[in-house]
>>> print(open('start.cif').read())   # mmCIF, C-alpha atoms
data_start
loop_
_atom_site.group_PDB
_atom_site.id
_atom_site.type_symbol
_atom_site.label_atom_id
_atom_site.label_comp_id
_atom_site.auth_asym_id
_atom_site.auth_seq_id
_atom_site.Cartn_x
_atom_site.Cartn_y
_atom_site.Cartn_z
ATOM 1 C CA MET E 6 -3.508 -12.322 -3.442
ATOM 2 C CA ALA E 7 -1.496 -11.433 -6.542
ATOM 3 C CA GLN E 8 -0.126 -7.915 -6.663
ATOM 4 C CA HIS E 9 -2.142 -6.957 -9.771
ATOM 5 C CA ASN E 10 -5.352 -8.117 -8.033
ATOM 6 C CA GLU E 11 -4.545 -5.932 -5.035
ATOM 7 C CA LEU E 12 -3.935 -2.976 -7.347
ATOM 8 C CA GLY E 13 -7.264 -3.660 -9.080
ATOM 9 C CA LYS E 14 -9.155 -3.752 -5.769
ATOM 10 C CA LYS E 15 -7.429 -0.537 -4.660
ATOM 11 C CA GLY E 16 -8.396 1.061 -7.992
ATOM 12 C CA GLU E 17 -12.040 0.056 -7.614
ATOM 13 C CA GLN E 18 -12.169 1.560 -4.116
ATOM 14 C CA LEU E 19 -10.549 4.774 -5.393
ATOM 15 C CA ALA E 20 -13.157 4.876 -8.173
ATOM 16 C CA VAL E 21 -16.025 4.426 -5.685
ATOM 17 C CA ASP E 22 -14.607 7.199 -3.473
ATOM 18 C CA PHE E 23 -14.230 9.449 -6.528
ATOM 19 C CA LEU E 24 -17.835 8.795 -7.629
ATOM 20 C CA LEU E 25 -19.256 9.416 -4.162
ATOM 21 C CA LYS E 26 -17.332 12.687 -3.969
ATOM 22 C CA ASN E 27 -18.914 13.648 -7.313
ATOM 23 C CA ASN E 28 -22.493 13.006 -6.156
ATOM 24 C CA TYR E 29 -23.017 9.535 -7.596
ATOM 25 C CA GLU E 30 -25.013 6.921 -5.721
ATOM 26 C CA ILE E 31 -23.365 3.489 -5.830
ATOM 27 C CA ILE E 32 -26.026 0.916 -6.720
ATOM 28 C CA GLU E 33 -23.941 -2.240 -7.242
ATOM 29 C CA ARG E 34 -20.316 -3.337 -7.154
ATOM 30 C CA ASN E 35 -18.942 -6.321 -9.055
ATOM 31 C CA TYR E 36 -22.299 -7.310 -10.572
ATOM 32 C CA ARG E 37 -21.890 -10.601 -12.400
ATOM 33 C CA PHE E 38 -23.900 -12.076 -15.226
ATOM 34 C CA ASP E 39 -22.782 -14.892 -17.490
ATOM 35 C CA LYS E 40 -19.076 -14.233 -18.214
ATOM 36 C CA ALA E 41 -19.216 -10.515 -17.463
ATOM 37 C CA GLU E 42 -18.488 -8.530 -14.362
ATOM 38 C CA VAL E 43 -19.621 -4.928 -14.127
ATOM 39 C CA ASP E 44 -17.232 -3.134 -11.768
ATOM 40 C CA ILE E 45 -19.607 -0.376 -10.646
ATOM 41 C CA ILE E 46 -23.219 0.497 -11.358
ATOM 42 C CA ALA E 47 -23.911 4.021 -10.154
ATOM 43 C CA LYS E 48 -26.667 6.575 -10.514
ATOM 44 C CA LYS E 49 -26.532 10.327 -10.882
ATOM 45 C CA LYS E 50 -29.823 12.125 -11.370
ATOM 46 C CA ASP E 51 -31.700 9.971 -13.897
ATOM 47 C CA ILE E 52 -28.653 8.367 -15.532
ATOM 48 C CA LEU E 53 -27.445 4.869 -14.761
ATOM 49 C CA ALA E 54 -23.668 4.936 -15.174
ATOM 50 C CA ILE E 55 -22.021 1.609 -15.928
ATOM 51 C CA ILE E 56 -18.401 2.023 -14.934
ATOM 52 C CA GLU E 57 -15.457 -0.102 -15.942
ATOM 53 C CA VAL E 58 -12.428 0.579 -13.754
ATOM 54 C CA LYS E 59 -8.980 0.087 -15.248
ATOM 55 C CA THR E 60 -5.999 0.488 -12.950
ATOM 56 C CA ARG E 61 -2.368 0.319 -14.017
ATOM 57 C CA SER E 62 0.897 0.714 -12.139
ATOM 58 C CA THR E 63 2.318 2.596 -15.121
ATOM 59 C CA SER E 64 1.125 4.020 -18.438
ATOM 60 C CA GLU E 65 4.316 2.809 -20.111
ATOM 61 C CA PHE E 66 2.387 0.253 -22.169
ATOM 62 C CA GLY E 67 -0.621 2.464 -22.894
ATOM 63 C CA ASP E 68 -3.409 4.257 -21.097
ATOM 64 C CA PRO E 69 -5.652 2.100 -18.892
ATOM 65 C CA GLN E 70 -8.718 2.788 -21.051
ATOM 66 C CA ASP E 71 -6.917 1.248 -24.046
ATOM 67 C CA PHE E 72 -7.270 -2.140 -22.355
ATOM 68 C CA VAL E 73 -11.080 -2.295 -22.639
ATOM 69 C CA LYS E 74 -11.534 -4.686 -25.542
ATOM 70 C CA PRO E 75 -14.555 -5.104 -27.864
ATOM 71 C CA LYS E 76 -15.392 -8.566 -26.467
ATOM 72 C CA GLN E 77 -15.435 -7.132 -22.944
ATOM 73 C CA ILE E 78 -17.727 -4.310 -24.083
ATOM 74 C CA GLN E 79 -20.044 -6.891 -25.657
ATOM 75 C CA ARG E 80 -20.215 -8.834 -22.379
ATOM 76 C CA LEU E 81 -20.789 -5.670 -20.344
ATOM 77 C CA VAL E 82 -23.679 -4.625 -22.558
ATOM 78 C CA LYS E 83 -25.259 -8.083 -22.210
ATOM 79 C CA ALA E 84 -24.888 -8.001 -18.415
ATOM 80 C CA VAL E 85 -26.334 -4.502 -18.152
ATOM 81 C CA ASP E 86 -29.251 -5.451 -20.386
ATOM 82 C CA GLU E 87 -29.982 -8.332 -18.010
ATOM 83 C CA TYR E 88 -29.637 -6.064 -14.965
ATOM 84 C CA ILE E 89 -32.090 -3.520 -16.399
ATOM 85 C CA THR E 90 -34.569 -6.220 -17.386
ATOM 86 C CA VAL E 91 -34.460 -8.082 -14.050
ATOM 87 C CA ASN E 92 -34.816 -4.841 -12.081
ATOM 88 C CA ASN E 93 -37.491 -3.448 -14.440
ATOM 89 C CA LEU E 94 -35.648 -0.153 -14.878
ATOM 90 C CA ASP E 95 -36.537 2.624 -17.275
ATOM 91 C CA VAL E 96 -33.412 4.761 -17.251
ATOM 92 C CA GLU E 97 -30.858 6.271 -19.567
ATOM 93 C CA VAL E 98 -27.688 4.181 -19.537
ATOM 94 C CA ARG E 99 -24.199 5.531 -20.000
ATOM 95 C CA PHE E 100 -20.977 3.506 -20.231
ATOM 96 C CA ASP E 101 -17.978 5.118 -18.534
ATOM 97 C CA ILE E 102 -14.398 4.183 -17.815
ATOM 98 C CA ILE E 103 -12.469 5.330 -14.797
ATOM 99 C CA ALA E 104 -8.783 5.108 -15.675
ATOM 100 C CA ILE E 105 -6.355 5.056 -12.758
ATOM 101 C CA VAL E 106 -2.570 5.167 -12.950
ATOM 102 C CA LYS E 107 -0.239 4.920 -9.986
ATOM 103 C CA ALA E 108 1.712 8.156 -9.679
ATOM 104 C CA VAL E 109 4.734 9.181 -7.619
ATOM 105 C CA LYS E 110 2.441 10.421 -4.863
ATOM 106 C CA GLY E 111 -0.896 8.634 -4.988
ATOM 107 C CA PHE E 112 -2.923 7.940 -8.105
ATOM 108 C CA ASP E 113 -4.048 9.873 -11.186
ATOM 109 C CA ILE E 114 -7.776 9.364 -11.818
ATOM 110 C CA GLU E 115 -9.526 10.160 -15.085
ATOM 111 C CA HIS E 116 -13.290 9.718 -15.531
ATOM 112 C CA LEU E 117 -14.236 9.168 -19.179
ATOM 113 C CA GLU E 118 -17.992 9.599 -19.565
ATOM 114 C CA ASN E 119 -19.640 7.944 -22.563
ATOM 115 C CA ALA E 120 -16.396 6.054 -23.134
ATOM 116 C CA PHE E 121 -18.131 3.616 -25.462
ATOM 117 C CA TYR E 122 -21.590 3.019 -26.821
ATOM 118 C CA HIS E 123 -23.717 -0.077 -26.872
ATOM 119 C CA PHE E 124 -24.854 -1.282 -30.283
#
>>> encode(input="start.cif", output="structure tokens")
Amino acid sequence: MAQHNELGKKGEQLAVDFLLKNNYEIIERNYRFDKAEVDIIAKKKDILAIIEVKTRSTSEFGDPQDFVKPKQIQRLVKAVDEYITVNNLDVEVRFDIIAIVKAVKGFDIEHLENAFYHF
């Protein structure tokens, strides 16, 4: 497996661990629809949190959250709409980003709630 893929998988597991520690229930991981993949679908109280995980080995070229592009957001929204429809859910939806950067000792994790809005 390519090194960046391994880092991405490690980042997703760190994000799941972080969410569990912060009282989120993990509903789905790597949910796919059409050309989109939703990294994590989690629930906390009555909010469905759609979480995009961005992991970088360095922030030299920008913060991880800067790499979520409009086309990706569009695909995520479409996938989540499908997920909610298929599962007949009536919940508030929030789009978050968990940004992870490799640090000298471990990883720095930042949870950005309401990182972007669906249109």
>>> resolve_selection(input="start.cif", expression="the PyMOL selection byres ((chain E and resi 63) around 7)", output="PyMOL selection string")
chain E and resi 61-62+64-65+106-107
>>> resolve_selection(input="start.cif", expression="the PyMOL selection byres ((chain E and resi 44-49) around 7)", output="ChimeraX atom specification")
/E:28-36,42-43,50-58
>>> atom_distance(input="start.cif", atom1="atom CA of E:Ile105", atom2="atom CA of E:Phe121")
17.4 Å
>>> resolve_selection(input="start.cif", expression="the PyMOL selection byres ((chain E and resi 68-83) around 6)", output="PyMOL selection string")
chain E and resi 41+59+64+67+84-86+104
>>> axis_aligned_box(input="start.cif", around="stretch 28-38 of chain E", padding_each_side="6 Å", output="AutoDock Vina command-line options")
--center_x -22.5 --center_y 0.5 --center_z -10.5 --size_x 19.1 --size_y 37.1 --size_z 21.5
>>> closest_residue(input="start.cif", among="E:Leu12, E:Val91, E:Ala20, E:Leu25", to="E:Ile103", atoms="all atoms listed in the file")
E:Ala20
>>> closest_residue(input="start.cif", among="E:Ala108, E:Ile114, E:Thr90, E:Arg99", to="E:Asp22", atoms="only C-alpha atoms")
E:Ile114
